[in-house]
Amino acid sequence: MDLKSQIDINNLPGHVAIIMDGNGRWAKQHNQPRVFGHRHGVRAVREVTESAAELGIKYLTLYAFSTENWARPKLEVDTLMRLLVDTLSKEIATLNKNNIRLDAIGDLQRLPSATFNALMDGIQSTRNNSRMTLILALNYSGKWDLIQATQHIAAQVLDGTLDPESINEALIQNNLSTHGIPDPELLIRTSGERRLSNFLLWQLAYSELFFSPVFWPDFSKEHFYQAILDFQHRERRFGKISEQLVK
Ligand code: IPE
Ligand code: IPE
Ligand code: MG
């Protein structure tokens with residue numbers, strides 16, 4: 001039986017987050033420069049976005065560029081930023097056709113202006129779509145997110161509109177870049193690495209983690225279905241014991 005038909009559509013993760021990793025190693029395997037891997041990674045983005053929307057997943061967050069990635073060779077960073085502009089301008093029509101809304105999290109103001117503008121155009125032109133939200137994490141890091149949330153909260157305390165006693169989980173949640181978006185139930189990381197690399201630190205507090213050995217450019221719909229099926233076979237206890245759960 002094919003994998004897709006085994007998926008229980010009544011038990012889907014509402015939000016899937018993915019650390020798309022392994023483009024460079026994939027390129028090396030093919031005796032090509034690293035940027036060749038990034039270009040091929042776009043195919044996987046398209047496939048996974050399409051399969052997530054088809055299944056009925058409401059939010060898909062893709063880690064596309066971390067705060068730490070600025071430390072890579074300039075040629076690679078420049079190529080990635082240009083690839084983003086090209087891909088965004090090419091794919092916006094497809095997103096609209098499929099009723100997918102584009103959003104972004106991260107310190108976006110610090111992106112090169114061409115990348116920032118392409119992103120804003122995409123967000124603007126897809127803003128009324130409702131089937132799924134595709135969130136790109138760009139110049140994002142989990143620590144950055146917590147810092148900017150803390151700055152907002154501190155400013156409210158300073159101007160007297162917030163009592164420190166009323167700081168709670170919901171307030172912190174509301175000041176994160178992901179406000180209004182439910183936490184991911186499932187995190188996927190490709191390429192065999194088993195770390196978070198400063199991704200959604202707060203938001204992943206209770207997420208199920210799925211590590212795939214496949215390099216991102218080779219990640220297909222079938223691999224994505226496998227991750228969803230694996231998620232559906234897990235028992236999420238949230239601190240309770242198995243017998244307490246309503247099955
Ligand atoms: C992920 O692939 C893409 C980005 C971080 C932009 P990598 O470029 O990290 O590929 P590896 O990990 O070097 O193989
Ligand atoms: C994490 O991948 C960032 C993105 C996928 C955008 P990296 O390849 O940069 O992570 P590390 O450096 O191996 O931890
Ligand atoms: Mg990597």
# chains A, B, ... in the order shown; residues from 1 in each chain; ligands from 1

$ closest_atom_pairs --of "chain A" --to "ligand 3" --cutoff "12 Å" --atoms "only C-alpha atoms and all ligand atoms" --output "Markdown table"
| residue | atom | partner | partner_atom_place_in_ligand_line | distance |
| --- | --- | --- | --- | --- |
| A:Ile19 | CA | ligand 3 | 1 (Mg) | 9.0 |
| A:Met20 | CA | ligand 3 | 1 (Mg) | 8.0 |
| A:Asp21 | CA | ligand 3 | 1 (Mg) | 4.8 |
| A:Gly22 | CA | ligand 3 | 1 (Mg) | 5.2 |
| A:Asn23 | CA | ligand 3 | 1 (Mg) | 7.0 |
| A:Gly24 | CA | ligand 3 | 1 (Mg) | 6.9 |
| A:Arg25 | CA | ligand 3 | 1 (Mg) | 8.1 |
| A:Trp26 | CA | ligand 3 | 1 (Mg) | 10.4 |
| A:Ala27 | CA | ligand 3 | 1 (Mg) | 11.8 |
| A:Arg34 | CA | ligand 3 | 1 (Mg) | 10.7 |
| A:Gly37 | CA | ligand 3 | 1 (Mg) | 11.0 |
| A:His38 | CA | ligand 3 | 1 (Mg) | 10.8 |
| A:Tyr63 | CA | ligand 3 | 1 (Mg) | 11.0 |
| A:Ala64 | CA | ligand 3 | 1 (Mg) | 10.6 |
| A:Phe65 | CA | ligand 3 | 1 (Mg) | 10.2 |
| A:Ser66 | CA | ligand 3 | 1 (Mg) | 10.3 |
| A:Glu68 | CA | ligand 3 | 1 (Mg) | 11.0 |
| A:Asn69 | CA | ligand 3 | 1 (Mg) | 9.3 |
| A:Arg72 | CA | ligand 3 | 1 (Mg) | 10.7 |
| A:Arg189 | CA | ligand 3 | 1 (Mg) | 10.1 |
| A:Thr190 | CA | ligand 3 | 1 (Mg) | 9.2 |
| A:Ser191 | CA | ligand 3 | 1 (Mg) | 7.9 |
| A:Gly192 | CA | ligand 3 | 1 (Mg) | 9.9 |
| A:Glu193 | CA | ligand 3 | 1 (Mg) | 8.2 |
| A:Arg194 | CA | ligand 3 | 1 (Mg) | 11.0 |
| A:Arg195 | CA | ligand 3 | 1 (Mg) | 10.6 |
| A:Leu196 | CA | ligand 3 | 1 (Mg) | 11.2 |
| A:Ser197 | CA | ligand 3 | 1 (Mg) | 9.3 |
| A:Phe215 | CA | ligand 3 | 1 (Mg) | 9.5 |
| A:Trp216 | CA | ligand 3 | 1 (Mg) | 9.6 |

$ write_last_selection --atoms "N, CA, C and O atoms" --output "CSV table (one decimal), in the first residue's frame"
chain,number,residue,atom,x,y,z
A,19,ILE,N,14.2,21.6,9.2
A,19,ILE,CA,15.5,22.1,9.0
A,19,ILE,C,16.1,21.4,7.7
A,19,ILE,O,16.4,20.2,7.7
A,20,MET,N,16.1,22.2,6.6
A,20,MET,CA,16.5,21.7,5.3
A,20,MET,C,18.0,21.6,5.3
A,20,MET,O,18.6,22.6,5.1
A,21,ASP,N,18.6,20.4,5.5
A,21,ASP,CA,20.0,20.4,5.6
A,21,ASP,C,20.6,19.3,4.6
A,21,ASP,O,19.9,18.4,4.3
A,22,GLY,N,21.8,19.6,4.2
A,22,GLY,CA,22.5,18.6,3.4
A,22,GLY,C,22.8,19.0,1.9
A,22,GLY,O,23.2,18.2,1.1
A,23,ASN,N,22.4,20.2,1.6
A,23,ASN,CA,22.6,20.7,0.2
A,23,ASN,C,24.1,20.6,-0.2
A,23,ASN,O,24.4,20.2,-1.3
A,24,GLY,N,25.0,21.1,0.7
A,24,GLY,CA,26.4,21.1,0.3
A,24,GLY,C,27.0,19.7,0.1
A,24,GLY,O,27.7,19.4,-0.8
A,25,ARG,N,26.6,18.8,1.1
A,25,ARG,CA,27.1,17.4,0.9
A,25,ARG,C,26.5,16.7,-0.3
A,25,ARG,O,27.2,15.9,-0.9
A,26,TRP,N,25.3,17.0,-0.6
A,26,TRP,CA,24.7,16.4,-1.8
A,26,TRP,C,25.5,16.9,-3.1
A,26,TRP,O,25.8,16.1,-3.9
A,27,ALA,N,25.8,18.2,-3.1
A,27,ALA,CA,26.6,18.7,-4.2
A,27,ALA,C,27.9,18.0,-4.3
A,27,ALA,O,28.4,17.6,-5.4
A,34,ARG,N,28.9,23.8,-4.0
A,34,ARG,CA,27.8,23.8,-3.0
A,34,ARG,C,26.5,24.4,-3.5
A,34,ARG,O,25.4,24.0,-3.2
A,37,GLY,N,23.9,22.4,-5.0
A,37,GLY,CA,23.0,21.7,-4.1
A,37,GLY,C,21.8,22.6,-3.6
A,37,GLY,O,20.7,22.2,-3.5
A,38,HIS,N,22.1,23.9,-3.4
A,38,HIS,CA,21.1,24.8,-3.0
A,38,HIS,C,20.0,24.9,-4.2
A,38,HIS,O,18.8,24.9,-3.9
A,63,TYR,N,13.3,26.3,7.5
A,63,TYR,CA,14.5,27.0,8.0
A,63,TYR,C,15.4,27.2,6.7
A,63,TYR,O,16.0,26.2,6.2
A,64,ALA,N,15.4,28.4,6.2
A,64,ALA,CA,16.1,28.6,4.9
A,64,ALA,C,17.5,29.3,5.1
A,64,ALA,O,18.4,29.1,4.3
A,65,PHE,N,17.6,30.1,6.1
A,65,PHE,CA,18.9,30.8,6.3
A,65,PHE,C,19.0,31.2,7.8
A,65,PHE,O,18.1,31.9,8.3
A,66,SER,N,20.0,30.7,8.5
A,66,SER,CA,20.1,31.0,9.9
A,66,SER,C,21.0,32.3,10.1
A,66,SER,O,21.8,32.7,9.2
A,68,GLU,N,23.5,32.4,11.8
A,68,GLU,CA,24.9,31.9,11.8
A,68,GLU,C,25.4,31.7,10.3
A,68,GLU,O,26.6,31.7,10.1
A,69,ASN,N,24.4,31.5,9.4
A,69,ASN,CA,24.8,31.2,8.0
A,69,ASN,C,25.6,32.4,7.3
A,69,ASN,O,26.2,32.2,6.3
A,72,ARG,N,29.3,32.0,6.3
A,72,ARG,CA,29.7,31.2,5.2
A,72,ARG,C,30.5,32.0,4.2
A,72,ARG,O,30.4,33.3,4.2
A,189,ARG,N,14.4,17.1,10.5
A,189,ARG,CA,15.7,17.6,10.0
A,189,ARG,C,16.3,16.5,9.1
A,189,ARG,O,16.4,15.4,9.4
A,190,THR,N,16.8,17.0,7.9
A,190,THR,CA,17.3,16.1,7.0
A,190,THR,C,18.9,16.0,7.1
A,190,THR,O,19.4,16.7,7.9
A,191,SER,N,19.5,15.1,6.4
A,191,SER,CA,21.0,15.0,6.3
A,191,SER,C,21.6,14.2,7.4
A,191,SER,O,22.9,14.2,7.4
A,192,GLY,N,20.9,13.7,8.3
A,192,GLY,CA,21.5,12.9,9.4
A,192,GLY,C,22.0,13.6,10.6
A,192,GLY,O,22.4,13.0,11.6
A,193,GLU,N,22.0,15.0,10.5
A,193,GLU,CA,22.4,15.7,11.7
A,193,GLU,C,21.3,15.7,12.7
A,193,GLU,O,20.1,15.8,12.4
A,194,ARG,N,21.7,15.6,14.0
A,194,ARG,CA,20.7,15.6,15.1
A,194,ARG,C,21.0,16.7,16.0
A,194,ARG,O,21.5,16.6,17.1
A,195,ARG,N,20.6,17.9,15.6
A,195,ARG,CA,20.7,19.1,16.4
A,195,ARG,C,19.7,20.1,15.9
A,195,ARG,O,19.2,20.0,14.8
A,196,LEU,N,19.5,21.1,16.8
A,196,LEU,CA,18.5,22.2,16.5
A,196,LEU,C,19.1,23.4,15.8
A,196,LEU,O,18.4,24.1,15.1
A,197,SER,N,20.4,23.5,15.9
A,197,SER,CA,21.1,24.7,15.2
A,197,SER,C,20.3,26.0,15.4
A,197,SER,O,20.2,26.7,14.4
A,215,PHE,N,19.7,13.6,2.2
A,215,PHE,CA,20.1,15.0,2.0
A,215,PHE,C,18.9,15.8,1.4
A,215,PHE,O,18.2,15.3,0.6
A,216,TRP,N,18.8,17.1,1.8
A,216,TRP,CA,17.6,17.8,1.4
A,216,TRP,C,17.3,17.8,-0.1
A,216,TRP,O,16.1,17.6,-0.4

$ residues_around --residues "A:Arg237" --least-positions-apart "5" --cutoff "12 Å" --atoms "only C-alpha atoms" --output "JSON list (two decimals) with C-alpha atoms, in the first residue's frame"
[["chain", "number", "residue", "atom", "x", "y", "z"],
["A", 206, "TYR", "CA", 7.19, 19.69, 23.07],
["A", 207, "SER", "CA", 7.59, 18.87, 19.39],
["A", 208, "GLU", "CA", 8.19, 15.37, 18.08],
["A", 242, "SER", "CA", -0.16, 6.43, 28.99],
["A", 243, "GLU", "CA", -3.29, 5.28, 30.90],
["A", 244, "GLN", "CA", -4.42, 8.89, 31.41],
["A", 245, "LEU", "CA", -4.63, 9.65, 27.72],
["A", 246, "VAL", "CA", -7.97, 9.68, 25.92],
["A", 247, "LYS", "CA", -7.50, 7.28, 23.03]]

$ residues_around --residues "A:Ile92" --least-positions-apart "6" --cutoff "12 Å" --atoms "only C-alpha atoms" --output "PyMOL selection string"
chain A and resi 46+84-86+98-103+118-127+129+134

$ write_last_selection --atoms "N, CA, C and O atoms" --output "tab-separated table (two decimals), in the first residue's frame"
chain	number	residue	atom	x	y	z
A	46	ARG	N	9.55	22.69	-3.28
A	46	ARG	CA	8.31	22.64	-4.04
A	46	ARG	C	7.52	21.37	-3.72
A	46	ARG	O	6.32	21.42	-3.45
A	84	LEU	N	17.00	33.05	-3.59
A	84	LEU	CA	15.73	33.36	-2.92
A	84	LEU	C	14.90	34.33	-3.75
A	84	LEU	O	13.69	34.12	-3.92
A	85	VAL	N	15.55	35.35	-4.28
A	85	VAL	CA	14.84	36.33	-5.11
A	85	VAL	C	14.25	35.64	-6.34
A	85	VAL	O	13.06	35.77	-6.63
A	86	ASP	N	15.10	34.84	-7.03
A	86	ASP	CA	14.65	34.15	-8.25
A	86	ASP	C	13.48	33.21	-7.94
A	86	ASP	O	12.48	33.19	-8.66
A	98	ASN	N	-2.37	27.65	-5.76
A	98	ASN	CA	-2.67	26.61	-4.75
A	98	ASN	C	-3.22	27.17	-3.45
A	98	ASN	O	-3.32	26.44	-2.46
A	99	ASN	N	-3.55	28.46	-3.45
A	99	ASN	CA	-4.17	29.08	-2.27
A	99	ASN	C	-3.28	29.01	-1.02
A	99	ASN	O	-3.74	28.79	0.09
A	100	ILE	N	-1.95	29.17	-1.23
A	100	ILE	CA	-1.00	29.10	-0.12
A	100	ILE	C	-0.50	30.51	0.21
A	100	ILE	O	-0.10	31.27	-0.68
A	101	ARG	N	-0.52	30.83	1.49
A	101	ARG	CA	-0.08	32.14	1.96
A	101	ARG	C	1.40	32.05	2.33
A	101	ARG	O	1.83	31.08	2.96
A	102	LEU	N	2.17	33.05	1.95
A	102	LEU	CA	3.59	33.09	2.30
A	102	LEU	C	3.77	34.01	3.50
A	102	LEU	O	3.12	35.06	3.61
A	103	ASP	N	4.64	33.60	4.42
A	103	ASP	CA	4.96	34.44	5.57
A	103	ASP	C	6.46	34.23	5.86
A	103	ASP	O	7.09	33.34	5.28
A	118	ALA	N	11.61	41.12	-2.50
A	118	ALA	CA	10.96	39.96	-3.13
A	118	ALA	C	10.07	39.24	-2.10
A	118	ALA	O	8.96	38.80	-2.40
A	119	LEU	N	10.57	39.17	-0.88
A	119	LEU	CA	9.83	38.52	0.19
A	119	LEU	C	8.55	39.29	0.52
A	119	LEU	O	7.46	38.71	0.62
A	120	MET	N	8.70	40.62	0.65
A	120	MET	CA	7.53	41.44	0.98
A	120	MET	C	6.48	41.37	-0.14
A	120	MET	O	5.29	41.29	0.12
A	121	ASP	N	6.96	41.36	-1.40
A	121	ASP	CA	6.03	41.24	-2.54
A	121	ASP	C	5.25	39.93	-2.45
A	121	ASP	O	4.03	39.90	-2.65
A	122	GLY	N	5.97	38.86	-2.14
A	122	GLY	CA	5.34	37.54	-2.05
A	122	GLY	C	4.33	37.49	-0.91
A	122	GLY	O	3.23	36.94	-1.07
A	123	ILE	N	4.70	38.05	0.22
A	123	ILE	CA	3.80	38.03	1.39
A	123	ILE	C	2.54	38.84	1.07
A	123	ILE	O	1.42	38.40	1.34
A	124	GLN	N	2.77	39.99	0.45
A	124	GLN	CA	1.66	40.88	0.11
A	124	GLN	C	0.70	40.22	-0.88
A	124	GLN	O	-0.51	40.22	-0.68
A	125	SER	N	1.27	39.61	-1.94
A	125	SER	CA	0.39	39.12	-3.00
A	125	SER	C	-0.31	37.81	-2.61
A	125	SER	O	-1.26	37.41	-3.27
A	126	THR	N	0.13	37.14	-1.56
A	126	THR	CA	-0.52	35.87	-1.16
A	126	THR	C	-1.32	36.02	0.14
A	126	THR	O	-1.79	35.04	0.69
A	127	ARG	N	-1.46	37.27	0.60
A	127	ARG	CA	-1.98	37.47	1.97
A	127	ARG	C	-3.41	36.98	2.18
A	127	ARG	O	-3.79	36.68	3.31
A	129	ASN	N	-4.68	34.18	0.87
A	129	ASN	CA	-4.79	32.73	0.67
A	129	ASN	C	-5.00	32.03	2.02
A	129	ASN	O	-4.52	32.50	3.05
A	134	LEU	N	2.88	29.00	4.39
A	134	LEU	CA	4.28	28.58	4.23
A	134	LEU	C	5.14	29.68	4.85
A	134	LEU	O	5.13	30.82	4.38

$ select_by_dssp --residues "stretch 5-153 of chain A" --states "helix (DSSP H, G or I)" --output "JSON, numbers by chain"
{"A": [5, 6, 9, 10, 11, 23, 24, 25, 26, 27, 28, 29, 34, 35, 36, 37, 38, 39, 40, 41, 42, 43, 44, 45, 46, 47, 48, 49, 50, 51, 52, 53, 54, 55, 67, 68, 69, 70, 71, 74, 75, 76, 77, 78, 79, 80, 81, 82, 83, 84, 85, 86, 87, 88, 89, 90, 91, 92, 93, 94, 95, 96, 97, 108, 109, 110, 113, 114, 115, 116, 117, 118, 119, 120, 121, 122, 123, 124, 125, 142, 143, 144, 145, 146, 147, 148, 149, 150, 151, 152, 153]}

$ residues_around --residues "A:Pro182" --least-positions-apart "5" --cutoff "10 Å" --atoms "only C-alpha atoms" --output "list in words"
Gly14, His15, Lys58, Tyr59, Gln173 and Gln203 of chain A

$ select_by_dssp --residues "stretch 131-175 of chain A" --states "strand (DSSP E or B)" --output "PDB file with N, CA and C atoms, in the first residue's frame"
ATOM      1  N   MET A 132      -3.035  26.924   3.311  1.00  0.00           N
ATOM      2  CA  MET A 132      -1.883  26.625   4.166  1.00  0.00           C
ATOM      3  C   MET A 132      -1.010  27.876   4.226  1.00  0.00           C
ATOM      4  N   THR A 133      -0.279  28.036   5.328  1.00  0.00           N
ATOM      5  CA  THR A 133       0.697  29.118   5.408  1.00  0.00           C
ATOM      6  C   THR A 133       2.099  28.519   5.339  1.00  0.00           C
ATOM      7  N   LEU A 134       2.883  28.999   4.388  1.00  0.00           N
ATOM      8  CA  LEU A 134       4.280  28.582   4.233  1.00  0.00           C
ATOM      9  C   LEU A 134       5.143  29.679   4.850  1.00  0.00           C
ATOM     10  N   ILE A 135       5.864  29.331   5.909  1.00  0.00           N
ATOM     11  CA  ILE A 135       6.653  30.330   6.631  1.00  0.00           C
ATOM     12  C   ILE A 135       8.137  30.082   6.365  1.00  0.00           C
ATOM     13  N   LEU A 136       8.820  31.065   5.815  1.00  0.00           N
ATOM     14  CA  LEU A 136      10.263  30.934   5.601  1.00  0.00           C
ATOM     15  C   LEU A 136      10.992  31.561   6.777  1.00  0.00           C
ATOM     16  N   ALA A 137      11.880  30.802   7.397  1.00  0.00           N
ATOM     17  CA  ALA A 137      12.722  31.346   8.467  1.00  0.00           C
ATOM     18  C   ALA A 137      14.008  31.841   7.816  1.00  0.00           C
ATOM     19  N   LEU A 138      14.175  33.154   7.816  1.00  0.00           N
ATOM     20  CA  LEU A 138      15.288  33.792   7.097  1.00  0.00           C
ATOM     21  C   LEU A 138      16.016  34.755   8.016  1.00  0.00           C
ATOM     22  N   ASN A 139      17.323  34.626   8.067  1.00  0.00           N
ATOM     23  CA  ASN A 139      18.097  35.357   9.066  1.00  0.00           C
ATOM     24  C   ASN A 139      17.431  35.156  10.419  1.00  0.00           C
ATOM     25  N   TYR A 140      17.077  33.892  10.656  1.00  0.00           N
ATOM     26  CA  TYR A 140      16.368  33.526  11.876  1.00  0.00           C
ATOM     27  C   TYR A 140      17.307  32.790  12.820  1.00  0.00           C
TER      28      TYR A 140
END

$ closest_residue --among "A:Phe199, A:Phe210, A:Phe116, A:Phe219" --to "ligand 2" --atoms "only C-alpha atoms and all ligand atoms"
A:Phe199

$ residues_around --residues "A:Leu12" --least-positions-apart "4" --cutoff "8 Å" --atoms "only C-alpha atoms" --output "VMD selection string"
chain A and resid 8 56 to 57 228 232

$ closest_residue --among "A:Asn168, A:Thr161, A:Ser51, A:Asn198" --to "ligand 1" --atoms "only C-alpha atoms and all ligand atoms"
A:Asn198

$ residues_around --residues "A:Leu55" --least-positions-apart "5" --cutoff "10 Å" --atoms "only C-alpha atoms" --output "ChimeraX atom specification"
/A:4,7-9,12,50,225

$ closest_residue --among "A:Leu162, A:Val45, A:Val35, A:Thr94" --to "A:Lys74" --atoms "only C-alpha atoms"
A:Val35

$ residues_around --residues "stretch 143-150 of chain A" --least-positions-apart "4" --cutoff "8 Å" --atoms "only C-alpha atoms" --output "PyMOL selection string"
chain A and resi 106-107+154+172+175-177+198+201-202

$ write_last_selection --atoms "N, CA, C and O atoms" --output "mmCIF file, in the first residue's frame"
data_model
loop_
_atom_site.group_PDB
_atom_site.id
_atom_site.type_symbol
_atom_site.label_atom_id
_atom_site.label_comp_id
_atom_site.auth_asym_id
_atom_site.auth_seq_id
_atom_site.Cartn_x
_atom_site.Cartn_y
_atom_site.Cartn_z
ATOM 1 N N GLY A 106 12.130 36.047 11.270
ATOM 2 C CA GLY A 106 13.563 36.309 11.323
ATOM 3 C C GLY A 106 13.816 37.793 11.339
ATOM 4 O O GLY A 106 12.871 38.596 11.288
ATOM 5 N N ASP A 107 15.086 38.146 11.401
ATOM 6 C CA ASP A 107 15.473 39.559 11.398
ATOM 7 C C ASP A 107 15.531 40.002 9.933
ATOM 8 O O ASP A 107 16.601 40.094 9.330
ATOM 9 N N ALA A 154 10.261 44.246 27.713
ATOM 10 C CA ALA A 154 10.928 45.210 28.598
ATOM 11 C C ALA A 154 10.465 46.637 28.299
ATOM 12 O O ALA A 154 10.262 47.444 29.213
ATOM 13 N N ILE A 172 4.736 35.752 26.467
ATOM 14 C CA ILE A 172 5.998 35.511 25.752
ATOM 15 C C ILE A 172 5.688 35.009 24.341
ATOM 16 O O ILE A 172 6.214 35.521 23.348
ATOM 17 N N ASN A 175 4.838 37.633 21.912
ATOM 18 C CA ASN A 175 5.906 38.545 21.511
ATOM 19 C C ASN A 175 6.965 37.872 20.642
ATOM 20 O O ASN A 175 7.898 38.522 20.184
ATOM 21 N N LEU A 176 6.818 36.575 20.428
ATOM 22 C CA LEU A 176 7.749 35.874 19.538
ATOM 23 C C LEU A 176 7.362 36.158 18.089
ATOM 24 O O LEU A 176 6.219 36.564 17.809
ATOM 25 N N SER A 177 8.302 35.925 17.176
ATOM 26 C CA SER A 177 8.022 36.195 15.760
ATOM 27 C C SER A 177 6.911 35.283 15.243
ATOM 28 O O SER A 177 6.315 35.563 14.209
ATOM 29 N N ASN A 198 19.950 26.225 16.642
ATOM 30 C CA ASN A 198 19.362 27.538 16.971
ATOM 31 C C ASN A 198 18.059 27.822 16.211
ATOM 32 O O ASN A 198 17.752 28.967 15.898
ATOM 33 N N LEU A 201 13.588 27.673 19.355
ATOM 34 C CA LEU A 201 13.927 27.068 20.649
ATOM 35 C C LEU A 201 12.728 26.969 21.590
ATOM 36 O O LEU A 201 12.479 25.935 22.186
ATOM 37 N N TRP A 202 11.987 28.046 21.714
ATOM 38 C CA TRP A 202 10.814 28.046 22.591
ATOM 39 C C TRP A 202 9.706 27.169 21.995
ATOM 40 O O TRP A 202 9.095 26.347 22.672
#

$ closest_residue --among "A:Leu88, A:Leu60, A:Ala155, A:Val77" --to "A:Ile181" --atoms "only C-alpha atoms"
A:Leu60

$ closest_residue --among "A:Ala170, A:Leu3, A:Ala52, A:Ala71" --to "ligand 1" --atoms "only C-alpha atoms and all ligand atoms"
A:Ala71
